[in-house]
$ cat coords_33.cif   # mmCIF, C-alpha atoms
data_work
loop_
_atom_site.label_atom_id
_atom_site.label_comp_id
_atom_site.auth_asym_id
_atom_site.auth_seq_id
_atom_site.Cartn_x
_atom_site.Cartn_y
_atom_site.Cartn_z
CA MET J 48 -15.60 -33.01 128.60
CA VAL J 49 -16.63 -29.64 130.01
CA ILE J 50 -18.19 -27.23 127.53
CA GLY J 51 -17.43 -23.55 127.87
CA ARG J 52 -15.57 -22.52 130.98
CA HIS J 53 -17.01 -19.12 131.83
CA PRO J 54 -15.41 -16.22 133.71
CA ARG J 55 -18.50 -15.70 135.85
CA PRO J 56 -20.61 -18.08 137.94
CA LEU J 57 -23.09 -20.32 136.18
CA SER J 58 -25.59 -22.54 137.98
CA ALA J 59 -28.71 -24.44 137.01
CA VAL J 60 -32.16 -25.26 138.32
CA VAL J 61 -33.95 -28.45 137.30
CA LEU J 62 -37.71 -28.38 137.86
CA ALA J 63 -38.69 -31.94 138.80
CA ALA J 64 -41.57 -31.49 141.25
CA GLY J 65 -44.55 -32.37 139.01
CA GLU J 66 -46.77 -35.36 139.67
CA GLY J 67 -47.09 -36.34 136.02
CA THR J 68 -50.72 -37.42 136.22
CA ARG J 69 -50.86 -38.19 132.49
CA MET J 70 -48.28 -40.92 132.98
CA ARG J 71 -50.94 -42.79 134.99
CA SER J 72 -48.29 -44.34 137.20
CA SER J 73 -47.29 -44.71 140.84
CA ILE J 74 -43.70 -43.98 139.75
CA PRO J 75 -42.73 -40.28 139.97
CA LYS J 76 -42.48 -38.94 136.42
CA PRO J 77 -38.78 -37.95 136.66
CA LEU J 78 -37.90 -41.59 137.44
CA HIS J 79 -39.51 -43.24 134.42
CA ARG J 80 -36.69 -44.80 132.46
CA LEU J 81 -35.38 -44.11 128.97
CA CYS J 82 -32.66 -46.40 127.62
CA GLY J 83 -32.06 -47.69 131.13
CA ARG J 84 -31.77 -44.30 132.83
CA PRO J 85 -34.40 -42.13 134.60
CA ILE J 86 -35.68 -39.16 132.58
CA VAL J 87 -34.27 -36.54 134.93
CA LEU J 88 -30.81 -38.12 134.90
CA HIS J 89 -30.59 -37.56 131.15
CA VAL J 90 -31.13 -33.86 131.91
CA LEU J 91 -28.37 -33.93 134.53
CA ASP J 92 -26.09 -35.73 132.06
CA ALA J 93 -26.45 -32.76 129.70
CA LEU J 94 -25.72 -30.28 132.49
CA ALA J 95 -22.68 -32.26 133.61
CA GLU J 96 -20.83 -31.14 130.49
CA LEU J 97 -21.07 -27.48 131.48
CA ASN J 98 -18.95 -25.72 134.05
CA LEU J 99 -21.58 -25.32 136.79
CA GLU J 100 -21.08 -24.18 140.35
CA ARG J 101 -24.18 -25.99 141.57
CA VAL J 102 -27.42 -27.57 140.39
CA VAL J 103 -30.56 -27.08 142.46
CA VAL J 104 -33.21 -29.73 141.85
CA VAL J 105 -36.78 -28.84 142.80
CA VAL J 106 -38.60 -31.96 143.98
CA GLY J 107 -42.21 -32.43 145.01
CA HIS J 108 -44.22 -35.54 144.16
CA GLY J 109 -42.23 -38.54 145.36
CA ALA J 110 -39.58 -36.17 146.72
CA ASN J 111 -37.79 -38.72 148.88
CA GLU J 112 -37.62 -41.32 146.13
CA VAL J 113 -36.43 -38.83 143.49
CA THR J 114 -33.80 -37.41 145.83
CA LYS J 115 -32.50 -40.86 146.76
CA VAL J 116 -32.11 -41.92 143.12
CA LEU J 117 -30.37 -38.69 142.10
CA GLN J 118 -27.98 -38.83 145.03
CA ALA J 119 -27.02 -42.38 144.03
CA GLU J 120 -26.86 -42.05 140.26
CA ALA J 121 -26.18 -38.41 139.33
CA PRO J 122 -23.10 -37.73 137.20
CA ALA J 123 -19.91 -37.37 139.18
CA GLY J 124 -18.80 -33.80 139.71
CA LEU J 125 -22.24 -32.18 139.87
CA ALA J 126 -22.84 -30.31 143.12
CA LEU J 127 -26.51 -31.07 143.75
CA GLU J 128 -28.83 -29.30 146.16
CA PHE J 129 -32.45 -30.35 146.71
CA VAL J 130 -35.36 -28.12 147.66
CA GLU J 131 -38.95 -29.25 147.99
CA GLN J 132 -41.99 -27.53 146.53
CA PRO J 133 -44.64 -28.89 148.91
CA GLU J 134 -47.54 -27.74 146.76
CA GLN J 135 -47.18 -27.68 142.98
CA ARG J 136 -48.17 -24.09 142.16
CA GLY J 137 -46.53 -23.67 138.78
CA THR J 138 -43.09 -23.11 137.31
CA GLY J 139 -42.76 -19.56 138.64
CA ASP J 140 -43.40 -20.72 142.18
CA ALA J 141 -41.01 -23.67 141.67
CA LEU J 142 -38.21 -21.32 140.63
CA ALA J 143 -38.89 -19.07 143.63
CA VAL J 144 -38.53 -22.14 145.84
CA ALA J 145 -35.33 -23.09 143.99
CA LEU J 146 -33.70 -19.76 144.83
CA THR J 147 -33.73 -20.78 148.50
CA GLY J 148 -31.15 -23.42 147.55
CA PHE J 149 -28.55 -20.74 146.79
CA PRO J 150 -26.49 -18.72 149.25
CA ASP J 151 -27.86 -15.24 149.89
CA ALA J 152 -24.77 -13.75 148.23
CA TYR J 153 -25.99 -14.90 144.82
CA ALA J 154 -28.82 -12.35 144.91
CA ASP J 155 -26.24 -9.55 144.77
CA LEU J 156 -23.98 -10.98 142.06
CA GLU J 157 -24.49 -9.02 138.86
CA GLU J 158 -22.32 -11.42 136.89
CA ALA J 159 -23.96 -14.71 137.93
CA ASP J 160 -26.25 -16.58 135.53
CA LEU J 161 -28.79 -19.34 136.01
CA VAL J 162 -30.00 -21.95 133.53
CA VAL J 163 -33.54 -23.15 134.22
CA LEU J 164 -34.98 -26.26 132.57
CA PRO J 165 -37.62 -28.90 133.24
CA GLY J 166 -36.66 -32.31 134.51
CA ASP J 167 -38.71 -33.95 131.74
CA THR J 168 -36.66 -32.76 128.74
CA PRO J 169 -34.24 -35.68 128.30
CA LEU J 170 -33.37 -34.86 124.68
CA VAL J 171 -31.69 -31.49 125.20
CA ARG J 172 -28.04 -31.53 124.15
CA PRO J 173 -25.18 -30.00 126.15
CA ALA J 174 -24.10 -27.91 123.16
CA THR J 175 -27.57 -26.37 122.92
CA ILE J 176 -27.50 -25.27 126.56
CA ALA J 177 -23.97 -23.94 126.11
CA ALA J 178 -25.08 -21.92 123.05
CA LEU J 179 -28.00 -20.51 125.05
CA VAL J 180 -25.66 -19.32 127.80
CA ARG J 181 -23.15 -17.94 125.32
CA HIS J 182 -25.81 -15.92 123.48
CA HIS J 183 -27.27 -14.68 126.78
CA ARG J 184 -23.90 -13.33 127.82
CA GLN J 185 -22.97 -11.87 124.47
CA GLU J 186 -26.22 -9.90 124.43
CA LYS J 187 -25.84 -8.85 128.08
CA ALA J 188 -29.42 -10.02 128.56
CA ALA J 189 -31.42 -10.28 131.76
CA ALA J 190 -33.24 -13.31 130.34
CA THR J 191 -32.86 -15.52 127.28
CA VAL J 192 -35.32 -18.18 126.19
CA LEU J 193 -34.57 -21.14 123.97
CA THR J 194 -36.93 -21.02 120.98
CA ALA J 195 -37.85 -23.22 118.04
CA VAL J 196 -39.74 -22.82 114.78
CA ILE J 197 -42.38 -25.51 114.30
CA ASP J 198 -45.05 -26.17 111.69
CA GLU J 199 -47.89 -26.65 114.18
CA PRO J 200 -47.49 -24.12 117.01
CA PHE J 201 -50.95 -24.65 118.50
CA GLY J 202 -50.64 -25.33 122.22
CA HIS J 203 -47.24 -23.66 122.50
CA SER J 204 -46.27 -20.20 123.73
CA ARG J 205 -45.66 -17.89 120.75
CA VAL J 206 -42.68 -15.53 120.88
CA ILE J 207 -43.94 -11.95 120.54
CA ARG J 208 -41.23 -9.47 119.65
CA ASP J 209 -40.92 -5.72 120.05
CA LYS J 210 -40.03 -3.27 117.27
CA ASP J 211 -36.33 -3.81 117.92
CA GLY J 212 -36.54 -7.58 117.63
CA GLY J 213 -36.27 -8.32 121.34
CA VAL J 214 -38.63 -10.65 123.15
CA ALA J 215 -41.54 -8.61 124.50
CA ARG J 216 -43.62 -11.47 125.89
CA LEU J 217 -44.63 -15.08 125.47
CA ALA J 218 -48.28 -15.68 124.61
CA ASP J 219 -50.44 -18.78 124.76
CA ASP J 220 -53.11 -19.36 122.10
CA HIS J 221 -55.90 -17.55 123.96
CA GLU J 222 -53.63 -14.54 124.51
CA CYS J 223 -52.72 -14.11 120.83
CA SER J 224 -54.27 -11.83 118.24
CA PRO J 225 -55.23 -13.43 114.89
CA ASP J 226 -51.93 -12.24 113.42
CA GLU J 227 -49.94 -13.57 116.36
CA LEU J 228 -51.59 -16.97 115.96
CA GLU J 229 -49.85 -17.19 112.58
CA LEU J 230 -46.41 -17.00 114.20
CA THR J 231 -44.44 -20.24 114.13
CA GLU J 232 -41.63 -19.35 116.53
CA VAL J 233 -42.43 -20.80 119.94
CA ALA J 234 -40.77 -20.73 123.33
CA THR J 235 -39.43 -23.83 125.01
CA GLN J 236 -39.30 -24.10 128.80
CA ILE J 237 -35.53 -23.68 128.86
CA TYR J 238 -34.12 -20.32 129.96
CA CYS J 239 -31.03 -18.51 131.08
CA PHE J 240 -31.50 -15.66 133.59
CA ARG J 241 -29.23 -13.16 135.22
CA HIS J 242 -29.43 -14.41 138.78
CA ASN J 243 -29.85 -11.09 140.57
CA VAL J 244 -33.02 -10.08 138.69
CA LEU J 245 -34.98 -13.22 139.48
CA ALA J 246 -36.18 -12.77 143.05
CA PRO J 247 -37.79 -9.34 142.53
CA VAL J 248 -39.33 -10.40 139.22
CA LEU J 249 -40.83 -13.60 140.63
CA ARG J 250 -42.45 -11.61 143.43
CA ARG J 251 -44.29 -9.58 140.80
CA LEU J 252 -45.86 -12.56 139.04
CA ASP J 253 -49.60 -12.94 139.58
CA PRO J 254 -51.23 -16.38 139.93
CA ASP J 255 -53.38 -17.53 137.05
CA PRO J 256 -57.00 -16.66 137.96
CA GLU J 257 -58.25 -20.10 136.88
CA THR J 258 -55.57 -22.47 138.17
CA GLY J 259 -53.85 -20.41 140.85
CA GLU J 260 -50.50 -21.35 139.35
CA VAL J 261 -47.64 -18.93 138.80
CA PHE J 262 -46.11 -19.35 135.34
CA LEU J 263 -42.49 -18.57 134.59
CA THR J 264 -43.36 -17.46 131.05
CA ALA J 265 -44.81 -14.25 132.49
CA ALA J 266 -41.41 -13.24 133.88
CA LEU J 267 -40.15 -12.30 130.43
CA LYS J 268 -42.84 -9.63 129.96
CA VAL J 269 -42.15 -8.21 133.42
CA LEU J 270 -38.45 -7.93 132.64
CA HIS J 271 -39.06 -6.43 129.19
CA ASP J 272 -41.54 -3.86 130.50
CA ALA J 273 -39.04 -2.89 133.20
CA GLY J 274 -36.49 -2.07 130.51
CA TYR J 275 -34.28 -5.14 130.79
CA PRO J 276 -32.97 -6.76 127.58
CA VAL J 277 -34.75 -10.06 126.87
CA THR J 278 -33.45 -12.20 124.01
CA SER J 279 -33.87 -15.62 122.44
CA SER J 280 -31.55 -18.37 121.30
CA PRO J 281 -32.83 -20.80 118.64
CA THR J 282 -32.58 -24.55 118.58
CA TYR J 283 -32.65 -25.97 115.08
CA ASP J 284 -33.87 -29.35 116.30
CA PRO J 285 -37.19 -28.72 118.12
CA ILE J 286 -37.29 -32.27 119.45
CA GLU J 287 -34.53 -31.31 121.90
CA ALA J 288 -37.00 -29.34 123.98
CA ALA J 289 -39.78 -31.91 123.86
CA GLY J 290 -41.17 -32.76 127.26
CA VAL J 291 -42.33 -36.19 128.40
CA ASN J 292 -45.85 -36.03 129.79
CA ASP J 293 -47.37 -39.42 128.92
CA ARG J 294 -46.40 -42.92 127.81
CA ALA J 295 -46.60 -42.07 124.11
CA GLN J 296 -44.15 -39.19 124.55
CA LEU J 297 -41.97 -41.45 126.70
CA ALA J 298 -41.76 -43.94 123.83
CA ALA J 299 -41.01 -41.19 121.30
CA ALA J 300 -38.23 -39.77 123.46
CA GLY J 301 -36.85 -43.26 124.00
CA ALA J 302 -36.71 -43.88 120.27
CA GLU J 303 -34.78 -40.64 119.72
CA LEU J 304 -32.31 -41.39 122.52
CA GLN J 305 -31.82 -44.92 121.23
CA ALA J 306 -31.09 -43.60 117.76
CA ARG J 307 -28.40 -41.32 119.23
CA ILE J 308 -26.85 -44.18 121.22
CA ASN J 309 -26.83 -46.49 118.21
CA GLU J 310 -25.32 -43.85 115.95
CA ARG J 311 -22.56 -43.18 118.48
CA TRP J 312 -21.63 -46.87 118.63
CA MET J 313 -21.74 -47.32 114.87
CA ARG J 314 -19.34 -44.39 114.47
CA ARG J 315 -17.03 -46.17 116.92
CA GLY J 316 -16.86 -49.32 114.82
CA VAL J 317 -19.92 -51.38 115.81
CA THR J 318 -22.05 -52.93 113.05
CA MET J 319 -25.83 -52.90 113.40
CA LEU J 320 -27.69 -54.59 110.58
CA ASP J 321 -30.93 -52.89 111.58
CA PRO J 322 -30.41 -50.04 114.06
CA GLU J 323 -34.15 -49.54 114.51
CA ALA J 324 -34.44 -53.14 115.74
CA THR J 325 -31.46 -52.89 118.10
CA TYR J 326 -31.76 -51.80 121.75
CA VAL J 327 -28.62 -50.76 123.62
CA GLU J 328 -28.89 -49.04 126.99
CA TRP J 329 -26.74 -46.04 127.81
CA SER J 330 -24.56 -48.03 130.28
CA VAL J 331 -23.57 -50.81 127.83
CA THR J 332 -20.01 -50.88 126.47
CA LEU J 333 -19.09 -52.30 123.06
CA ALA J 334 -15.71 -52.95 121.48
CA ARG J 335 -14.97 -52.36 117.82
CA ASP J 336 -16.08 -54.90 115.24
CA VAL J 337 -18.95 -56.11 117.42
CA VAL J 338 -21.92 -57.12 115.25
CA LEU J 339 -25.45 -56.65 116.59
CA LEU J 340 -28.12 -58.47 114.59
CA PRO J 341 -31.82 -57.49 114.56
CA GLY J 342 -33.54 -58.04 117.87
CA ALA J 343 -30.40 -57.67 119.98
CA ILE J 344 -31.27 -56.21 123.41
CA LEU J 345 -28.34 -55.22 125.63
CA GLU J 346 -29.13 -53.89 129.09
CA GLY J 347 -27.45 -52.74 132.28
CA LYS J 348 -23.69 -53.03 132.53
CA THR J 349 -23.31 -55.51 129.69
CA SER J 350 -19.95 -55.37 127.92
CA VAL J 351 -19.14 -57.08 124.63
CA GLY J 352 -15.62 -57.80 123.42
CA GLU J 353 -14.11 -57.19 120.01
CA GLY J 354 -15.51 -59.18 117.10
CA SER J 355 -18.39 -60.80 118.98
CA VAL J 356 -21.74 -61.35 117.23
CA ILE J 357 -24.93 -60.88 119.24
CA GLY J 358 -28.33 -61.89 117.90
CA PRO J 359 -30.64 -62.17 116.27
CA SER J 360 -33.33 -61.96 118.97
CA THR J 361 -30.97 -62.10 121.95
CA ARG J 362 -31.26 -60.38 125.33
CA LEU J 363 -28.25 -59.81 127.59
CA VAL J 364 -28.56 -58.20 131.03
CA ASP J 365 -25.42 -57.29 133.01
CA CYS J 366 -23.32 -59.80 131.06
CA GLU J 367 -19.62 -59.85 130.28
CA VAL J 368 -18.88 -61.19 126.81
CA GLY J 369 -15.31 -61.83 125.66
CA LYS J 370 -13.78 -61.43 122.21
CA GLY J 371 -15.09 -63.36 119.24
CA ALA J 372 -18.07 -64.85 121.07
CA ARG J 373 -21.38 -65.73 119.42
CA ILE J 374 -24.86 -65.68 121.00
CA GLU J 375 -28.08 -66.11 119.05
CA TYR J 376 -31.78 -66.47 119.93
CA SER J 377 -30.90 -66.63 123.63
CA ILE J 378 -31.30 -64.92 127.00
CA ALA J 379 -28.59 -64.38 129.59
CA GLU J 380 -28.40 -62.44 132.84
CA ARG J 381 -25.24 -61.76 134.86
CA ALA J 382 -23.35 -64.34 132.81
CA GLU J 383 -19.68 -64.37 131.82
CA LEU J 384 -18.61 -65.68 128.39
CA GLY J 385 -14.97 -66.29 127.60
CA ASP J 386 -13.31 -65.45 124.31
CA GLY J 387 -14.76 -67.48 121.44
CA ALA J 388 -17.60 -68.95 123.49
CA VAL J 389 -20.73 -69.94 121.54
CA VAL J 390 -24.28 -69.95 122.86
CA GLU J 391 -26.55 -71.84 120.49
CA ALA J 392 -30.12 -70.82 119.73
CA PHE J 393 -32.91 -71.14 122.32
CA SER J 394 -30.60 -71.14 125.33
CA PHE J 395 -31.11 -69.54 128.71
CA LEU J 396 -28.03 -68.85 130.78
CA GLU J 397 -28.92 -68.66 134.46
CA PRO J 398 -27.57 -65.77 136.54
CA GLY J 399 -23.96 -66.43 137.44
CA ALA J 400 -23.28 -68.82 134.55
CA ARG J 401 -19.67 -68.86 133.30
CA LEU J 402 -18.49 -70.17 129.97
CA ALA J 403 -14.82 -70.95 129.46
CA ARG J 404 -12.79 -69.81 126.49
CA GLY J 405 -14.13 -71.51 123.33
CA GLU J 406 -16.88 -73.36 125.22
CA ARG J 407 -20.01 -74.18 123.22
CA VAL J 408 -23.37 -74.57 124.95
CA GLY J 409 -27.03 -74.87 124.02
CA PRO J 410 -30.13 -77.01 124.40
CA PHE J 411 -28.64 -79.57 122.03
CA PHE J 412 -25.28 -79.74 123.82
CA GLY J 413 -26.41 -80.87 127.26
CA ARG J 414 -26.08 -77.54 129.08
CA PRO J 415 -26.56 -74.25 129.12
#

$ encode --input "coords_33.cif" --output "C-alpha cells"
Amino acid sequence: MVIGRHPRPLSAVVLAAGEGTRMRSSIPKPLHRLCGRPIVLHVLDALAELNLERVVVVVGHGANEVTKVLQAEAPAGLALEFVEQPEQRGTGDALAVALTGFPDAYADLEEADLVVLPGDTPLVRPATIAALVRHHRQEKAAATVLTAVIDEPFGHSRVIRDKDGGVARLADDHECSPDELELTEVATQIYCFRHNVLAPVLRRLDPDPETGEVFLTAALKVLHDAGYPVTSSPTYDPIEAAGVNDRAQLAAAGAELQARINERWMRRGVTMLDPEATYVEWSVTLARDVVLLPGAILEGKTSVGEGSVIGPSTRLVDCEVGKGARIEYSIAERAELGDGAVVEAFSFLEPGARLARGERVGPFFGRP
C-alpha cells in the first residue's frame, strides 16, 4: 500500500552514519536486529509505504557492510542512493552530504520536499510520516518538525514558539530559560523540509564550539529568523520517535515491535495464549486458527499452516509446517512437516528433516 500520492516530488534522507559506541559492538548500529530485521530496514519499511522518488542513505561507520545489506534486503520499489560521510560531524553535516545524492535540479525545485529521519528510529509508523508531510504542505512551510509531549523532557530539545505559535527554535536544556525548562513539548529528529531551502541554510550552520559537530536542530532557527514559516506536527505516541542507542533501548524497541507483530497476527485469526511470551519474527507467515502457546519462537521464513499448534517452549527456524500439525517442547531448523504431523516433546529435528502427512516422531518413537 502506498500512502498519500502527492502532486509534487517527495524524497527522503536516512541518516545511518553513526558508529553507535554505546552499543559496545563490532556490528554497525544500523545492522543490529529487531524481530529478525536490521534496525535501519524497519525505517525503510516505513518509508516504502510513501510515494517517494528516491531515498538517500547516509552511511559512515561500516559503510560497505551497511550498503551491502541494504542493497540486498531493502523493500522492493525503493530507489536507494548511498553517500558516505567520511567523518561523523553531526546531523547537519550528514544532511549536507546527503544533498550530493540528488540531481542538481532538485536545488531549484520550489515544490519538492524532503523527509529527514535517523536510521535508528525503527518504531516510526508510515502514517505518522505521511501526516508530517501532509501538514508541512498544508501550512506551506519551509520546515516542519515532528514533536511529542512527554512527562520528562530533560535531555530533549524543547520546542520554543514565537508569538504566532510557529516554531522559533529548538533548545537543549542548557539553552533554556527557567520557564522554557518547564515546557513538555519536545522535538524528535524527524523533519520535513522544502528541498530548495536546505543547501543555503546548512551552509549557515556553525559547528558546536565544544564538539565541532553541526547540528540540524539549529536549521529551524535560521529558517525562522530569515522569515520562512516553520511548523510542527505532533505524534501522539512518543515511542515512535525513540532512537536506539544502546542494548537496553534495543530490547525496549524490540518489545514494542514484537507487540505490534503479535497484535497484527491475532487480528488475522491467530491465537496466542500469552503474547508477551511469544516471539514471531517479521518474516514469519501464519495461517488462521494457528495456536501459539507460551514460549513459541518462530524465526526466519517459517510458515505455519491452518489449525497447527506450536509450543509450549518450541523454536522453529526456517521451517514449513502443514495444516493441523502439532509441535511441543522441541527445536527444528529448515524442517518440513506435512499436514497432521506430530512432534513429541524434547525432540530435535535436524536441518532438512521431512515428516510425512500424519507422521508422529519424538524421542520415544525411535526418530526424530

$ resolve_selection --input "coords_33.cif" --expression "the PyMOL selection byres ((chain J and resi 348) around 8)" --output "PDB file with C-alpha atoms, in the frame of the given file"
ATOM      1  CA  SER J 330     -24.560 -48.030 130.280  1.00  0.00           C
ATOM      2  CA  VAL J 331     -23.570 -50.810 127.830  1.00  0.00           C
ATOM      3  CA  THR J 332     -20.010 -50.880 126.470  1.00  0.00           C
ATOM      4  CA  GLU J 346     -29.130 -53.890 129.090  1.00  0.00           C
ATOM      5  CA  GLY J 347     -27.450 -52.740 132.280  1.00  0.00           C
ATOM      6  CA  THR J 349     -23.310 -55.510 129.690  1.00  0.00           C
ATOM      7  CA  SER J 350     -19.950 -55.370 127.920  1.00  0.00           C
ATOM      8  CA  VAL J 364     -28.560 -58.200 131.030  1.00  0.00           C
ATOM      9  CA  ASP J 365     -25.420 -57.290 133.010  1.00  0.00           C
ATOM     10  CA  CYS J 366     -23.320 -59.800 131.060  1.00  0.00           C
TER      11      CYS J 366
END

$ resolve_selection --input "coords_33.cif" --expression "the PyMOL selection byres ((chain J and resi 54-60) around 6)" --output "ChimeraX atom specification"
/J:53,61,99-104,158-163

$ residues_around --input "coords_33.cif" --residues "Pro173 (chain J)" --least-positions-apart "5" --cutoff "8 Å" --atoms "only C-alpha atoms" --output "list of chain:residue names"
J:Ile50, J:Ala93, J:Leu94, J:Glu96, J:Leu97

$ residues_around --input "coords_33.cif" --residues "Arg311 (chain J)" --least-positions-apart "5" --cutoff "12 Å" --atoms "all atoms listed in the file" --output "mmCIF file with C-alpha atoms, in the frame of the given file"
data_model
loop_
_atom_site.group_PDB
_atom_site.id
_atom_site.type_symbol
_atom_site.label_atom_id
_atom_site.label_comp_id
_atom_site.auth_asym_id
_atom_site.auth_seq_id
_atom_site.Cartn_x
_atom_site.Cartn_y
_atom_site.Cartn_z
ATOM 1 C CA LEU J 304 -32.310 -41.390 122.520
ATOM 2 C CA GLN J 305 -31.820 -44.920 121.230
ATOM 3 C CA ALA J 306 -31.090 -43.600 117.760
ATOM 4 C CA GLY J 316 -16.860 -49.320 114.820
ATOM 5 C CA VAL J 317 -19.920 -51.380 115.810
ATOM 6 C CA THR J 318 -22.050 -52.930 113.050
ATOM 7 C CA MET J 319 -25.830 -52.900 113.400
ATOM 8 C CA PRO J 322 -30.410 -50.040 114.060
ATOM 9 C CA VAL J 327 -28.620 -50.760 123.620
ATOM 10 C CA TRP J 329 -26.740 -46.040 127.810
ATOM 11 C CA THR J 332 -20.010 -50.880 126.470
ATOM 12 C CA LEU J 333 -19.090 -52.300 123.060
ATOM 13 C CA ARG J 335 -14.970 -52.360 117.820
#

$ residues_around --input "coords_33.cif" --residues "Thr114 (chain J)" --least-positions-apart "2" --cutoff "12 Å" --atoms "all atoms listed in the file" --output "PyMOL selection string"
chain J and resi 63-64+75+77-78+87-88+103-112+116-121+127-131

$ atom_distance --input "coords_33.cif" --atom1 "CA of Thr194 (chain J)" --atom2 "CA of Ser279 (chain J)"
6.4 Å

$ closest_residue --input "coords_33.cif" --among "J:Leu396, J:Gly342, J:Pro225, J:Pro169" --to "Ile286 (chain J)" --atoms "all atoms listed in the file"
J:Pro169

$ resolve_selection --input "coords_33.cif" --expression "the PyMOL selection byres ((chain J and resi 211) around 12)" --output "number ranges by chain"
J: 207-210, 212-215, 271, 276-278

$ write_last_selection --input "coords_33.cif" --atoms "C-alpha atoms" --output "mmCIF file, in the frame of the given file"
data_model
loop_
_atom_site.group_PDB
_atom_site.id
_atom_site.type_symbol
_atom_site.label_atom_id
_atom_site.label_comp_id
_atom_site.auth_asym_id
_atom_site.auth_seq_id
_atom_site.Cartn_x
_atom_site.Cartn_y
_atom_site.Cartn_z
ATOM 1 C CA ILE J 207 -43.940 -11.950 120.540
ATOM 2 C CA ARG J 208 -41.230 -9.470 119.650
ATOM 3 C CA ASP J 209 -40.920 -5.720 120.050
ATOM 4 C CA LYS J 210 -40.030 -3.270 117.270
ATOM 5 C CA GLY J 212 -36.540 -7.580 117.630
ATOM 6 C CA GLY J 213 -36.270 -8.320 121.340
ATOM 7 C CA VAL J 214 -38.630 -10.650 123.150
ATOM 8 C CA ALA J 215 -41.540 -8.610 124.500
ATOM 9 C CA HIS J 271 -39.060 -6.430 129.190
ATOM 10 C CA PRO J 276 -32.970 -6.760 127.580
ATOM 11 C CA VAL J 277 -34.750 -10.060 126.870
ATOM 12 C CA THR J 278 -33.450 -12.200 124.010
#

$ residues_near_point --input "coords_33.cif" --point "(-25.9, -11.8, 142.3)" --cutoff "10 Å" --atoms "all atoms listed in the file" --output "number ranges by chain"
J: 56, 150-160, 241-245

$ closest_residue --input "coords_33.cif" --among "J:Leu320, J:Val196, J:Leu146, J:Gly301" --to "Pro247 (chain J)" --atoms "all atoms listed in the file"
J:Leu146

$ atom_distance --input "coords_33.cif" --atom1 "CA of Ala392 (chain J)" --atom2 "CA of Ala334 (chain J)"
23.0 Å

$ closest_residue --input "coords_33.cif" --among "J:Ala189, J:Ala195, J:Leu230, J:Ala298" --to "Thr175 (chain J)" --atoms "all atoms listed in the file"
J:Ala195

$ build_atoms --input "coords_33.cif" --residues "region 134-149 of chain J" --atoms "N, CA and C atoms" --output "tab-separated table (two decimals), keeping the file's coordinate frame"
chain	number	residue	atom	x	y	z
J	134	GLU	N	-46.32	-27.80	147.55
J	134	GLU	CA	-47.54	-27.74	146.76
J	134	GLU	C	-47.18	-27.26	145.37
J	135	GLN	N	-47.55	-28.02	144.35
J	135	GLN	CA	-47.18	-27.68	142.98
J	135	GLN	C	-48.05	-26.51	142.49
J	136	ARG	N	-47.45	-25.31	142.53
J	136	ARG	CA	-48.17	-24.09	142.16
J	136	ARG	C	-47.57	-23.42	140.95
J	137	GLY	N	-47.02	-24.22	140.03
J	137	GLY	CA	-46.53	-23.67	138.78
J	137	GLY	C	-45.03	-23.46	138.75
J	138	THR	N	-44.54	-23.22	137.53
J	138	THR	CA	-43.09	-23.11	137.31
J	138	THR	C	-42.49	-21.86	137.95
J	139	GLY	N	-43.28	-20.75	138.00
J	139	GLY	CA	-42.76	-19.56	138.64
J	139	GLY	C	-42.56	-19.76	140.13
J	140	ASP	N	-43.52	-20.42	140.75
J	140	ASP	CA	-43.40	-20.72	142.18
J	140	ASP	C	-42.25	-21.70	142.41
J	141	ALA	N	-42.10	-22.69	141.52
J	141	ALA	CA	-41.01	-23.67	141.67
J	141	ALA	C	-39.65	-23.00	141.61
J	142	LEU	N	-39.50	-22.01	140.71
J	142	LEU	CA	-38.21	-21.32	140.63
J	142	LEU	C	-37.98	-20.46	141.87
J	143	ALA	N	-39.04	-19.85	142.39
J	143	ALA	CA	-38.89	-19.07	143.63
J	143	ALA	C	-38.42	-19.97	144.77
J	144	VAL	N	-38.97	-21.18	144.83
J	144	VAL	CA	-38.53	-22.14	145.84
J	144	VAL	C	-37.06	-22.52	145.60
J	145	ALA	N	-36.70	-22.69	144.33
J	145	ALA	CA	-35.33	-23.09	143.99
J	145	ALA	C	-34.31	-22.07	144.47
J	146	LEU	N	-34.66	-20.80	144.44
J	146	LEU	CA	-33.70	-19.76	144.83
J	146	LEU	C	-33.29	-19.90	146.29
J	147	THR	N	-34.10	-20.56	147.10
J	147	THR	CA	-33.73	-20.78	148.50
J	147	THR	C	-32.57	-21.77	148.62
J	148	GLY	N	-32.26	-22.47	147.54
J	148	GLY	CA	-31.15	-23.42	147.55
J	148	GLY	C	-29.81	-22.79	147.25
J	149	PHE	N	-29.79	-21.45	147.07
J	149	PHE	CA	-28.55	-20.74	146.79
J	149	PHE	C	-28.18	-19.86	147.98
